[in-house]
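S.K.: Have a peek at entry36.tsv (TSV, C-alpha atoms).
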chain	number	residue	atom	x	y	z
A	1	MET	CA	34.83	25.64	-82.03
A	2	ARG	CA	34.43	22.12	-83.38
A	3	ILE	CA	31.01	21.44	-84.86
A	4	ILE	CA	30.48	18.21	-86.78
A	5	THR	CA	27.36	17.66	-88.86
A	6	VAL	CA	26.36	14.19	-89.99
A	7	SER	CA	24.03	13.95	-92.97
A	8	ARG	CA	22.97	10.43	-93.83
A	9	GLU	CA	20.86	8.12	-95.89
A	10	PHE	CA	18.21	6.25	-93.95
A	11	GLY	CA	19.64	2.93	-92.75
A	12	SER	CA	23.27	3.89	-93.32
A	13	GLY	CA	24.11	4.00	-89.62
A	14	GLY	CA	24.73	7.75	-89.62
A	15	ARG	CA	23.02	8.32	-86.31
A	16	GLU	CA	25.09	5.64	-84.60
A	17	LEU	CA	28.21	7.05	-86.20
A	18	GLY	CA	27.38	10.56	-84.97
A	19	LYS	CA	26.69	9.40	-81.42
A	20	ARG	CA	29.83	7.30	-81.20
A	21	LEU	CA	31.94	10.04	-82.76
A	22	ALA	CA	30.71	12.56	-80.16
A	23	ASP	CA	31.58	10.07	-77.40
A	24	ALA	CA	35.04	9.43	-78.88
A	25	LEU	CA	35.76	13.16	-79.12
A	26	ASN	CA	34.12	13.82	-75.78
A	27	ILE	CA	31.85	16.53	-77.17
A	28	SER	CA	28.07	17.05	-77.03
A	29	TYR	CA	25.67	15.10	-79.22
A	30	TYR	CA	22.35	16.74	-80.06
A	31	ASP	CA	19.46	14.72	-81.31
A	32	ARG	CA	16.34	14.62	-79.13
A	33	GLU	CA	17.36	18.00	-77.66
A	34	ILE	CA	16.49	19.69	-80.94
A	35	ILE	CA	12.96	18.31	-81.00
A	36	THR	CA	12.49	19.29	-77.37
A	37	ALA	CA	13.71	22.83	-78.02
A	38	VAL	CA	11.37	23.26	-80.98
A	39	ALA	CA	8.42	21.86	-78.98
A	40	GLU	CA	9.17	24.34	-76.19
A	41	ARG	CA	9.50	27.25	-78.58
A	42	THR	CA	6.21	26.47	-80.30
A	43	ASN	CA	4.29	24.98	-77.39
A	44	LEU	CA	3.53	21.96	-79.55
A	45	ASP	CA	3.66	18.30	-78.62
A	46	GLU	CA	7.13	16.74	-79.11
A	47	LYS	CA	5.72	13.80	-81.02
A	48	TYR	CA	4.00	16.16	-83.42
A	49	VAL	CA	7.10	18.29	-83.84
A	50	GLU	CA	9.17	15.21	-84.59
A	51	ILE	CA	6.79	13.94	-87.24
A	52	ALA	CA	6.27	17.36	-88.79
A	53	LEU	CA	10.01	18.05	-89.03
A	54	ASP	CA	10.74	14.68	-90.58
A	55	GLN	CA	8.23	15.23	-93.34
A	56	SER	CA	8.95	17.39	-96.27
A	57	VAL	CA	8.02	21.01	-95.68
A	58	LEU	CA	6.14	20.81	-98.94
A	59	SER	CA	3.73	18.17	-97.71
A	60	GLN	CA	0.97	19.67	-95.64
A	61	ILE	CA	0.35	17.42	-92.69
A	62	PRO	CA	-2.77	17.62	-90.53
A	63	ILE	CA	-2.13	19.13	-87.13
A	64	SER	CA	-3.68	16.20	-85.30
A	65	TYR	CA	-0.83	15.93	-82.80
A	66	SER	CA	-0.94	19.53	-81.69
A	67	ARG	CA	-1.78	19.93	-78.04
A	68	THR	CA	-2.82	23.53	-78.52
A	69	PHE	CA	-4.17	23.41	-82.03
A	70	SER	CA	-7.15	25.64	-81.56
A	71	LEU	CA	-5.10	28.39	-79.93
A	72	LEU	CA	-2.37	28.69	-82.53
A	73	PRO	CA	-2.55	30.65	-85.73
A	74	ASP	CA	-1.47	28.77	-88.88
A	75	LEU	CA	1.66	30.84	-89.09
A	76	VAL	CA	3.07	29.25	-85.95
A	77	ASN	CA	2.37	25.59	-86.49
A	78	SER	CA	2.91	25.30	-90.23
A	79	PRO	CA	5.75	22.98	-91.24
A	80	ALA	CA	7.68	25.98	-92.60
A	81	ALA	CA	7.35	27.82	-89.28
A	82	LEU	CA	8.54	24.70	-87.45
A	83	LEU	CA	11.61	24.54	-89.68
A	84	ALA	CA	12.32	28.18	-88.86
A	85	GLN	CA	12.13	27.37	-85.14
A	86	GLN	CA	14.38	24.37	-85.66
A	87	HIS	CA	16.87	26.64	-87.40
A	88	LYS	CA	17.04	28.88	-84.33
A	89	ALA	CA	17.20	25.93	-81.93
A	90	ILE	CA	20.14	24.40	-83.82
A	91	GLU	CA	22.04	27.70	-83.86
A	92	GLU	CA	21.54	28.09	-80.12
A	93	LEU	CA	22.77	24.57	-79.39
A	94	ALA	CA	25.81	25.00	-81.64
A	95	ALA	CA	26.68	28.31	-79.96
A	96	ARG	CA	27.10	26.40	-76.67
A	97	GLY	CA	30.28	24.76	-78.00
A	98	ASP	CA	31.75	21.65	-79.63
A	99	CYS	CA	29.13	19.16	-80.75
A	100	VAL	CA	27.90	16.61	-83.25
A	101	ILE	CA	24.50	17.14	-84.85
A	102	VAL	CA	22.91	14.43	-86.99
A	103	GLY	CA	20.60	15.45	-89.83
A	104	ARG	CA	18.16	18.37	-89.63
A	105	ASN	CA	20.07	20.33	-92.32
A	106	ALA	CA	22.57	21.35	-89.67
A	107	GLU	CA	25.32	21.34	-92.32
A	108	THR	CA	23.58	24.22	-94.10
A	109	ILE	CA	22.08	25.98	-91.10
A	110	LEU	CA	25.44	26.11	-89.32
A	111	LYS	CA	27.58	27.15	-92.26
A	112	ASP	CA	28.89	30.23	-90.41
A	113	PHE	CA	30.23	27.90	-87.71
A	114	HIS	CA	32.41	26.21	-90.38
A	115	PRO	CA	31.45	22.68	-89.39
A	116	LEU	CA	33.15	19.50	-90.51
A	117	LYS	CA	30.44	18.06	-92.75
A	118	LEU	CA	30.14	14.27	-93.05
A	119	PHE	CA	27.82	12.34	-95.32
A	120	VAL	CA	27.11	8.72	-94.46
A	121	TYR	CA	25.69	6.36	-97.07
A	122	ALA	CA	25.60	2.71	-98.05
A	123	ASP	CA	24.31	0.39	-100.74
A	124	LYS	CA	20.66	-0.63	-100.58
A	125	GLU	CA	21.32	-4.16	-99.34
A	126	SER	CA	23.39	-2.95	-96.40
A	127	LYS	CA	20.80	-0.35	-95.45
A	128	ILE	CA	17.98	-2.90	-95.50
A	129	GLU	CA	20.11	-5.31	-93.45
A	130	ARG	CA	20.80	-2.59	-90.90
A	131	CYS	CA	17.09	-1.73	-90.65
A	132	LEU	CA	16.18	-5.39	-90.14
A	133	GLN	CA	18.72	-5.75	-87.33
A	134	ARG	CA	17.37	-2.61	-85.69
A	135	GLU	CA	13.75	-3.80	-85.66
A	136	THR	CA	12.09	-4.64	-82.39
A	137	LYS	CA	9.66	-7.52	-82.08
A	138	LYS	CA	6.72	-5.11	-82.12
A	139	GLU	CA	7.44	-3.55	-85.48
A	140	SER	CA	8.44	-6.20	-87.95
A	141	LEU	CA	8.45	-4.63	-91.39
A	142	SER	CA	8.97	-6.63	-94.55
A	143	VAL	CA	11.93	-5.90	-96.78
A	144	HIS	CA	9.51	-4.35	-99.23
A	145	GLU	CA	8.07	-2.06	-96.55
A	146	ILE	CA	11.55	-1.04	-95.40
A	147	GLU	CA	12.55	-0.22	-98.95
A	148	LYS	CA	9.46	1.92	-99.38
A	149	MET	CA	10.05	3.74	-96.09
A	150	MET	CA	13.70	4.27	-96.98
A	151	LYS	CA	12.75	5.94	-100.25
A	152	GLN	CA	10.11	8.15	-98.60
A	153	ILE	CA	12.35	9.30	-95.78
A	154	ASP	CA	15.32	10.03	-98.01
A	155	LYS	CA	13.06	11.88	-100.41
A	156	ALA	CA	11.76	14.08	-97.59
A	157	ARG	CA	15.33	14.70	-96.39
A	158	ALA	CA	16.38	15.66	-99.90
A	159	THR	CA	13.43	18.00	-100.33
A	160	ASN	CA	14.00	19.74	-97.00
A	161	HIS	CA	17.70	20.04	-97.73
A	162	ASP	CA	17.38	21.35	-101.24
A	163	ILE	CA	15.27	24.30	-100.12
A	164	LEU	CA	18.22	25.62	-98.12
A	165	SER	CA	21.29	24.60	-100.08
A	166	SER	CA	22.69	25.32	-103.51
A	167	PHE	CA	23.88	21.68	-103.70
A	168	ALA	CA	21.59	18.72	-104.12
A	169	TRP	CA	21.26	16.51	-101.02
A	170	GLY	CA	24.11	14.01	-100.97
A	171	ASP	CA	26.22	15.89	-103.54
A	172	LYS	CA	29.72	15.13	-102.28
A	173	ARG	CA	30.92	18.67	-103.03
A	174	GLU	CA	28.92	19.90	-100.05
A	175	TYR	CA	30.68	17.56	-97.62
A	176	HIS	CA	34.23	17.13	-96.36
A	177	LEU	CA	34.13	13.37	-96.04
A	178	CYS	CA	31.64	10.90	-97.50
A	179	ILE	CA	31.64	7.55	-95.76
A	180	ASN	CA	30.25	4.41	-97.35
A	181	THR	CA	29.26	2.07	-94.52
A	182	SER	CA	28.28	-0.92	-96.70
A	183	GLY	CA	29.22	-4.10	-94.88
A	184	ILE	CA	31.05	-2.22	-92.14
A	185	GLU	CA	30.40	-2.28	-88.40
A	186	ILE	CA	30.05	1.40	-87.51
A	187	LYS	CA	31.95	1.26	-84.25
A	188	THR	CA	35.11	0.05	-85.98
A	189	LEU	CA	35.21	3.24	-88.09
A	190	ILE	CA	35.17	5.62	-85.14
A	191	PRO	CA	38.87	5.83	-84.17
A	192	SER	CA	39.98	6.76	-87.69
A	193	ILE	CA	37.11	9.20	-88.28
A	194	ALA	CA	37.72	10.84	-84.89
A	195	SER	CA	41.39	11.25	-85.79
A	196	TYR	CA	40.41	12.57	-89.23
A	197	ALA	CA	38.12	15.12	-87.58
A	198	GLU	CA	40.70	16.24	-85.04
A	199	ASN	CA	43.26	16.79	-87.76
A	200	TRP	CA	40.75	18.59	-89.95
A	201	PHE	CA	39.96	21.14	-87.26
A	202	VAL	CA	43.66	21.75	-86.58
A	203	GLN	CA	44.21	22.37	-90.31
A	204	MET	CA	41.21	24.63	-90.65
A	205	GLN	CA	42.05	26.72	-87.63
A	206	LYS	CA	45.55	27.48	-88.87
B	1	MET	CA	45.14	-8.93	-100.53
B	2	ARG	CA	44.90	-5.19	-99.94
B	3	ILE	CA	44.44	-3.14	-103.09
B	4	ILE	CA	43.62	0.55	-102.78
B	5	THR	CA	42.52	2.56	-105.78
B	6	VAL	CA	42.60	6.35	-105.74
B	7	SER	CA	40.40	8.17	-108.22
B	8	ARG	CA	40.78	11.90	-108.18
B	9	GLU	CA	39.95	15.23	-109.67
B	10	PHE	CA	42.85	17.04	-111.31
B	11	GLY	CA	44.55	19.26	-108.74
B	12	SER	CA	42.94	17.59	-105.71
B	13	GLY	CA	46.21	16.06	-104.49
B	14	GLY	CA	45.05	12.48	-105.15
B	15	ARG	CA	48.41	11.37	-106.49
B	16	GLU	CA	50.27	12.68	-103.46
B	17	LEU	CA	47.68	11.09	-101.21
B	18	GLY	CA	48.08	7.72	-102.96
B	19	LYS	CA	51.87	7.80	-102.77
B	20	ARG	CA	51.92	8.80	-99.12
B	21	LEU	CA	49.26	6.24	-98.24
B	22	ALA	CA	51.30	3.45	-99.87
B	23	ASP	CA	54.35	4.57	-97.89
B	24	ALA	CA	52.39	4.70	-94.64
B	25	LEU	CA	50.98	1.20	-95.20
B	26	ASN	CA	54.31	-0.04	-96.51
B	27	ILE	CA	52.77	-1.41	-99.72
B	28	SER	CA	53.61	-0.91	-103.40
B	29	TYR	CA	52.63	2.20	-105.30
B	30	TYR	CA	52.14	1.91	-109.05
B	31	ASP	CA	52.14	4.92	-111.26
B	32	ARG	CA	54.92	5.18	-113.85
B	33	GLU	CA	55.16	1.36	-113.83
B	34	ILE	CA	51.83	1.12	-115.61
B	35	ILE	CA	52.93	3.37	-118.47
B	36	THR	CA	56.19	1.42	-118.75
B	37	ALA	CA	54.35	-1.91	-118.86
B	38	VAL	CA	51.99	-0.70	-121.58
B	39	ALA	CA	54.90	0.72	-123.61
B	40	GLU	CA	56.69	-2.62	-123.37
B	41	ARG	CA	53.61	-4.59	-124.34
B	42	THR	CA	52.94	-2.39	-127.39
B	43	ASN	CA	56.51	-1.46	-128.30
B	44	LEU	CA	55.45	2.19	-128.28
B	45	ASP	CA	57.27	5.15	-126.83
B	46	GLU	CA	56.45	5.76	-123.14
B	47	LYS	CA	55.76	9.43	-123.75
B	48	TYR	CA	53.26	8.56	-126.46
B	49	VAL	CA	51.60	5.91	-124.30
B	50	GLU	CA	51.25	8.37	-121.46
B	51	ILE	CA	49.65	11.03	-123.60
B	52	ALA	CA	47.40	8.58	-125.41
B	53	LEU	CA	46.14	6.99	-122.18
B	54	ASP	CA	45.43	10.35	-120.59
B	55	GLN	CA	43.26	11.44	-123.48
B	56	SER	CA	39.77	10.24	-123.91
B	57	VAL	CA	39.57	7.01	-125.87
B	58	LEU	CA	37.02	8.77	-128.01
B	59	SER	CA	39.40	11.42	-129.25
B	60	GLN	CA	41.59	10.17	-132.05
B	61	ILE	CA	45.09	11.42	-131.48
B	62	PRO	CA	47.78	11.42	-134.16
B	63	ILE	CA	50.43	8.77	-133.62
B	64	SER	CA	53.25	11.27	-133.88
B	65	TYR	CA	55.03	9.93	-130.80
B	66	SER	CA	55.18	6.33	-131.94
B	67	ARG	CA	58.70	5.06	-132.39
B	68	THR	CA	57.54	2.21	-134.60
B	69	PHE	CA	54.58	3.79	-136.26
B	70	SER	CA	55.10	2.45	-139.75
B	71	LEU	CA	55.46	-1.12	-138.49
B	72	LEU	CA	52.32	-1.29	-136.38
B	73	PRO	CA	48.83	-1.98	-137.64
B	74	ASP	CA	46.14	0.43	-136.42
B	75	LEU	CA	44.64	-2.23	-134.23
B	76	VAL	CA	47.67	-2.21	-131.96
B	77	ASN	CA	48.28	1.47	-131.46
B	78	SER	CA	44.73	2.79	-131.36
B	79	PRO	CA	43.73	4.43	-128.08
B	80	ALA	CA	41.23	1.63	-127.46
B	81	ALA	CA	43.92	-1.02	-127.91
B	82	LEU	CA	46.19	0.86	-125.51
B	83	LEU	CA	43.44	0.89	-122.92
B	84	ALA	CA	43.10	-2.87	-123.33
B	85	GLN	CA	46.84	-3.28	-122.74
B	86	GLN	CA	46.63	-1.00	-119.73
B	87	HIS	CA	43.84	-3.18	-118.37
B	88	LYS	CA	46.09	-6.26	-118.54
B	89	ALA	CA	49.08	-4.42	-117.11
B	90	ILE	CA	47.05	-3.22	-114.11
B	91	GLU	CA	45.71	-6.72	-113.42
B	92	GLU	CA	49.22	-8.14	-113.52
B	93	LEU	CA	50.57	-5.52	-111.13
B	94	ALA	CA	47.67	-6.01	-108.72
B	95	ALA	CA	48.16	-9.78	-108.77
B	96	ARG	CA	51.65	-9.27	-107.31
B	97	GLY	CA	50.16	-8.18	-103.98
B	98	ASP	CA	49.13	-5.24	-101.80
B	99	CYS	CA	49.34	-1.91	-103.58
B	100	VAL	CA	47.93	1.56	-104.22
B	101	ILE	CA	47.05	2.52	-107.79
B	102	VAL	CA	46.11	6.10	-108.67
B	103	GLY	CA	43.71	6.72	-111.53
B	104	ARG	CA	43.67	4.66	-114.73
B	105	ASN	CA	40.21	3.25	-113.97
B	106	ALA	CA	41.84	0.79	-111.59
B	107	GLU	CA	38.76	0.91	-109.35
B	108	THR	CA	36.70	-0.64	-112.15
B	109	ILE	CA	39.38	-2.82	-113.74
B	110	LEU	CA	40.25	-4.43	-110.40
B	111	LYS	CA	36.74	-5.00	-109.11
B	112	ASP	CA	37.37	-8.73	-108.66
B	113	PHE	CA	40.22	-7.86	-106.28
B	114	HIS	CA	37.68	-6.06	-104.05
B	115	PRO	CA	39.76	-2.92	-103.67
B	116	LEU	CA	39.19	-0.13	-101.19
B	117	LYS	CA	38.09	2.63	-103.53
B	118	LEU	CA	38.88	6.23	-102.63
B	119	PHE	CA	37.79	9.36	-104.45
B	120	VAL	CA	39.73	12.55	-103.82
B	121	TYR	CA	38.24	15.91	-104.73
B	122	ALA	CA	38.30	19.57	-103.77
B	123	ASP	CA	36.72	22.87	-104.56
B	124	LYS	CA	37.94	24.75	-107.63
B	125	GLU	CA	39.89	27.37	-105.69
B	126	SER	CA	41.88	24.75	-103.77
B	127	LYS	CA	42.65	22.80	-106.93
B	128	ILE	CA	43.91	25.89	-108.74
B	129	GLU	CA	45.99	26.84	-105.70
B	130	ARG	CA	47.52	23.34	-105.62
B	131	CYS	CA	48.35	23.50	-109.33
B	132	LEU	CA	49.99	26.89	-108.92
B	133	GLN	CA	52.16	25.62	-106.07
B	134	ARG	CA	53.17	22.61	-108.15
B	135	GLU	CA	54.31	24.67	-111.13
B	136	THR	CA	57.97	24.81	-112.01
B	137	LYS	CA	59.57	28.00	-113.31
B	138	LYS	CA	59.53	26.62	-116.84
B	139	GLU	CA	55.81	26.09	-117.12
B	140	SER	CA	53.98	29.02	-115.65
B	141	LEU	CA	50.34	28.72	-116.59
B	142	SER	CA	47.80	31.39	-115.85
B	143	VAL	CA	44.84	30.67	-113.60
B	144	HIS	CA	42.68	30.71	-116.69
B	145	GLU	CA	44.89	28.14	-118.44
B	146	ILE	CA	44.93	25.92	-115.36
B	147	GLU	CA	41.15	26.05	-115.14
B	148	LYS	CA	40.87	25.09	-118.79
B	149	MET	CA	43.32	22.20	-118.41
B	150	MET	CA	41.55	21.02	-115.27
B	151	LYS	CA	38.25	20.83	-117.14
B	152	GLN	CA	39.78	19.01	-120.11
B	153	ILE	CA	41.62	16.43	-118.02
B	154	ASP	CA	38.67	15.70	-115.76
B	155	LYS	CA	36.43	15.41	-118.79
B	156	ALA	CA	38.78	12.85	-120.36
B	157	ARG	CA	38.94	10.94	-117.06
B	158	ALA	CA	35.17	10.92	-116.84
B	159	THR	CA	34.78	9.74	-120.43
B	160	ASN	CA	37.31	6.93	-120.04
B	161	HIS	CA	35.71	5.90	-116.75
B	162	ASP	CA	32.14	5.93	-117.94
B	163	ILE	CA	32.89	3.47	-120.74
B	164	LEU	CA	33.75	0.83	-118.15
B	165	SER	CA	31.49	1.55	-115.20
B	166	SER	CA	27.78	1.64	-114.55
B	167	PHE	CA	28.32	4.65	-112.28
B	168	ALA	CA	29.22	8.11	-113.51
B	169	TRP	CA	32.79	9.18	-112.70
B	170	GLY	CA	32.87	10.66	-109.21
B	171	ASP	CA	29.49	9.23	-108.17
B	172	LYS	CA	30.09	8.57	-104.49
B	173	ARG	CA	28.19	5.29	-104.61
B	174	GLU	CA	31.08	3.71	-106.49
B	175	TYR	CA	33.59	4.60	-103.77
B	176	HIS	CA	34.11	3.62	-100.15
B	177	LEU	CA	35.43	6.94	-98.98
B	178	CYS	CA	35.29	10.35	-100.69
B	179	ILE	CA	37.81	12.80	-99.37
B	180	ASN	CA	37.49	16.55	-99.86
B	181	THR	CA	40.99	18.02	-99.66
B	182	SER	CA	39.96	21.71	-99.89
B	183	GLY	CA	42.32	23.74	-97.75
B	184	ILE	CA	43.97	20.65	-96.28
B	185	GLU	CA	47.64	19.66	-96.38
B	186	ILE	CA	47.54	16.13	-97.82
B	187	LYS	CA	50.22	14.67	-95.56
B	188	THR	CA	48.24	15.48	-92.43
B	189	LEU	CA	45.39	13.27	-93.66
B	190	ILE	CA	47.51	10.16	-94.09
B	191	PRO	CA	47.55	8.65	-90.57
B	192	SER	CA	43.75	8.64	-90.27
B	193	ILE	CA	43.18	7.39	-93.83
B	194	ALA	CA	45.76	4.65	-93.35
B	195	SER	CA	44.00	3.58	-90.18
B	196	TYR	CA	40.63	3.75	-91.96
B	197	ALA	CA	42.01	1.53	-94.72
B	198	GLU	CA	43.52	-1.01	-92.35
B	199	ASN	CA	40.24	-1.31	-90.48
B	200	TRP	CA	38.25	-1.55	-93.70
B	201	PHE	CA	40.28	-4.53	-94.92
B	202	VAL	CA	39.91	-6.29	-91.57
B	203	GLN	CA	36.14	-5.79	-91.73
B	204	MET	CA	35.85	-6.92	-95.34
B	205	GLN	CA	37.94	-10.02	-94.83
B	206	LYS	CA	35.82	-11.23	-91.94
Represent the supplied structure as structure tokens.
M.R.:
Amino acid sequence: MRIITVSREFGSGGRELGKRLADALNISYYDREIITAVAERTNLDEKYVEIALDQSVLSQIPISYSRTFSLLPDLVNSPAALLAQQHKAIEELAARGDCVIVGRNAETILKDFHPLKLFVYADKESKIERCLQRETKKESLSVHEIEKMMKQIDKARATNHDILSSFAWGDKREYHLCINTSGIEIKTLIPSIASYAENWFVQMQK
Amino acid sequence: MRIITVSREFGSGGRELGKRLADALNISYYDREIITAVAERTNLDEKYVEIALDQSVLSQIPISYSRTFSLLPDLVNSPAALLAQQHKAIEELAARGDCVIVGRNAETILKDFHPLKLFVYADKESKIERCLQRETKKESLSVHEIEKMMKQIDKARATNHDILSSFAWGDKREYHLCINTSGIEIKTLIPSIASYAENWFVQMQK
């Protein structure tokens, strides 16, 4: 079984890297599917699930997006309960076979699957640049706003991660390969990372 | 110009990786040459230079290996002065053209050469295992002794590094690629790292 998890700093291009890597290796890529699975399991709105999961479990968010708010006990729609459902959803997806999963603490959740764990990061300037390029006309954030968002999102990722793992989020000892994407076009990295991954699985399955 | 620096934890296989990478890319590999250059510049014994440079600059070591001890003023053979000579020697070697340099703070010393900076690390068990395999019959250290040596050497590397850099030794933000060699045969990693490096230089020289 070849499971690859991609943890990443916001704006580092980790999602693009994960998607392209899955394509190059011709294996599944799970992203939206995880949100959908959690929404189905909890009977909550996908948009709500997405927002709730991306926040820190420690921040209590109002359940304004719930489509069935009044019917659900707190136990089911609390952020912690959503994370538990996400845990199960990720395990079920991984059990289907070879895949790439970006974020969502998959590196910790799937430890019994012995995944290849990547961490993607970059310097601040490169991450801001990447966010600016990604912006649509509708949402034009200032550099200052992007920086603020970047900090908030990474902080939430770190908090959610650190609940599960004995390593701090981004500590290289938890990962097999840490990739600095500063100034690099993601797609050019794919052939060598795909070959790295293929070799790694051969070595590990010896 | 393609300069690759390899920083590494003791026992992680960084030296082997650097040597093999240089061979794969058909570029120079500098290791012993640096010691020799410093010994020539200072008129000190190579063995002494090697030991002195591998210690922390903060620890004052007796000059028992010096072949010209009585003739040299303290200024010349102090650990700090040796590090300064090493700095010059590394710059001169790098100026000759494409190369791989392992350790010796080359990643910081050569920053104006815009090197590709690798960091090689592994979990403790793998590093001990690698040290045990490397042992000759003559020097058979116990696991406990290896562990102790590993800590001492990495501490000295960290101390020497941190004098020069604004990042802590091993902080992934200082490097372009951090490679965890736990359980991996180094030589199998070379083709994909060589291809990663080649691509990286193309991207950076755009």
S.K.: Can you check which parts of chain A lie within 7 Å of chain B? Per residue, the shortest pair of atoms and distance in Å to one decimal, counting all atoms listed in the file, sorted by chain and number, as a Markdown table.
M.R.:
| residue | atom | partner | partner_atom | distance |
| --- | --- | --- | --- | --- |
| A:Lys172 | CA | B:Lys172 | CA | 6.9 |
| A:His176 | CA | B:Asn180 | CA | 4.8 |
| A:Leu177 | CA | B:Ile179 | CA | 5.0 |
| A:Cys178 | CA | B:Cys178 | CA | 4.9 |
| A:Ile179 | CA | B:Leu177 | CA | 5.0 |
| A:Asn180 | CA | B:His176 | CA | 4.8 |
| A:Ile184 | CA | B:Gln203 | CA | 6.2 |
| A:Thr188 | CA | B:Asn199 | CA | 7.0 |
| A:Leu189 | CA | B:Tyr196 | CA | 6.7 |
| A:Ser192 | CA | B:Ser192 | CA | 4.9 |
| A:Ile193 | CA | B:Ser192 | CA | 7.0 |
| A:Ser195 | CA | B:Ser192 | CA | 5.7 |
| A:Tyr196 | CA | B:Ser192 | CA | 5.3 |
| A:Asn199 | CA | B:Thr188 | CA | 7.0 |
| A:Gln203 | CA | B:Ile184 | CA | 6.2 |
S.K.: How far is it from CA of Gln152 in chain B to CA of Trp169 in chain A, in Å with one decimal?
M.R.: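 If I compute the distance from CA of Gln152 in chain B to CA of Trp169 in chain A, I get 26.7 Å.
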S.K.: Would you work out the distance separating CA of Thr108 in chain A from CA of Lys155 in chain A, expressed in Å to one decimal?
M.R.: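 About the pair CA of Thr108 in chain A and CA of Lys155 in chain A: they are 17.4 Å apart.
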S.K.: So how far away is CA of Ile90 in chain A from CA of Asn26 in chain A, in Å?
M.R.: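 Separating CA of Asn26 in chain A from CA of Ile90 in chain A is a distance of 19.3 Å.
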S.K.: Do you know which residues are at most 10 Å from Leu53 in chain A counting only C-alpha atoms, after dropping those on the same chain fewer than 3 positions away, and could you put them as JSON, numbers by chain?
M.R.: {"A": [35, 38, 48, 49, 50, 56, 57, 79, 80, 82, 83, 86, 104, 156, 157, 160]}
S.K.: Val100 in chain B: which residues within 12 Å, counting all atoms listed in the file, same-chain residues fewer than 4 positions away excluded, as a PyMOL selection string?
M.R.: chain B and resi 1-7+14-31+90+93-94+96+104+106-107+110+115-118+194+197
S.K.: Using all atoms listed in the file, find the one residue out of A:Asp162, A:Glu46, A:Glu9, A:Glu129 that sits nearest to Gly103 in chain A.
M.R.: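 Among the listed residues, the smallest separation from Gly103 in chain A belongs to A:Glu9.
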S.K.: Given 6 Å of margin on each side, can you work out the centre and size in Å (one decimal) of an axis-aligned box holding every listed atom of range 165-179 of chain A, as lines of an AutoDock Vina configuration file?
M.R.:
center_x = 27.7
center_y = 16.4
center_z = -99.9
size_x = 25.0
size_y = 29.8
size_z = 20.4
S.K.: Applying 6 Å and all atoms listed in the file, which residues near Gly11 in chain B remain after dropping the ones on its own chain fewer than 6 positions away? List them as a PDB file with C-alpha atoms, keeping the file's coordinate frame.
M.R.:
ATOM      1  CA  LYS B 127      42.650  22.800-106.930  1.00  0.00           C
ATOM      2  CA  ARG B 130      47.520  23.340-105.620  1.00  0.00           C
ATOM      3  CA  CYS B 131      48.350  23.500-109.330  1.00  0.00           C
TER       4      CYS B 131
END
S.K.: Report as an MDAnalysis selection string all protein, DNA and RNA residues lying within 8 Å of Ile109 in chain B, evaluated on all atoms listed in the file, omitting residues in the same chain fewer than 4 positions from it.
M.R.: chainID B and resid 87 90:91 105
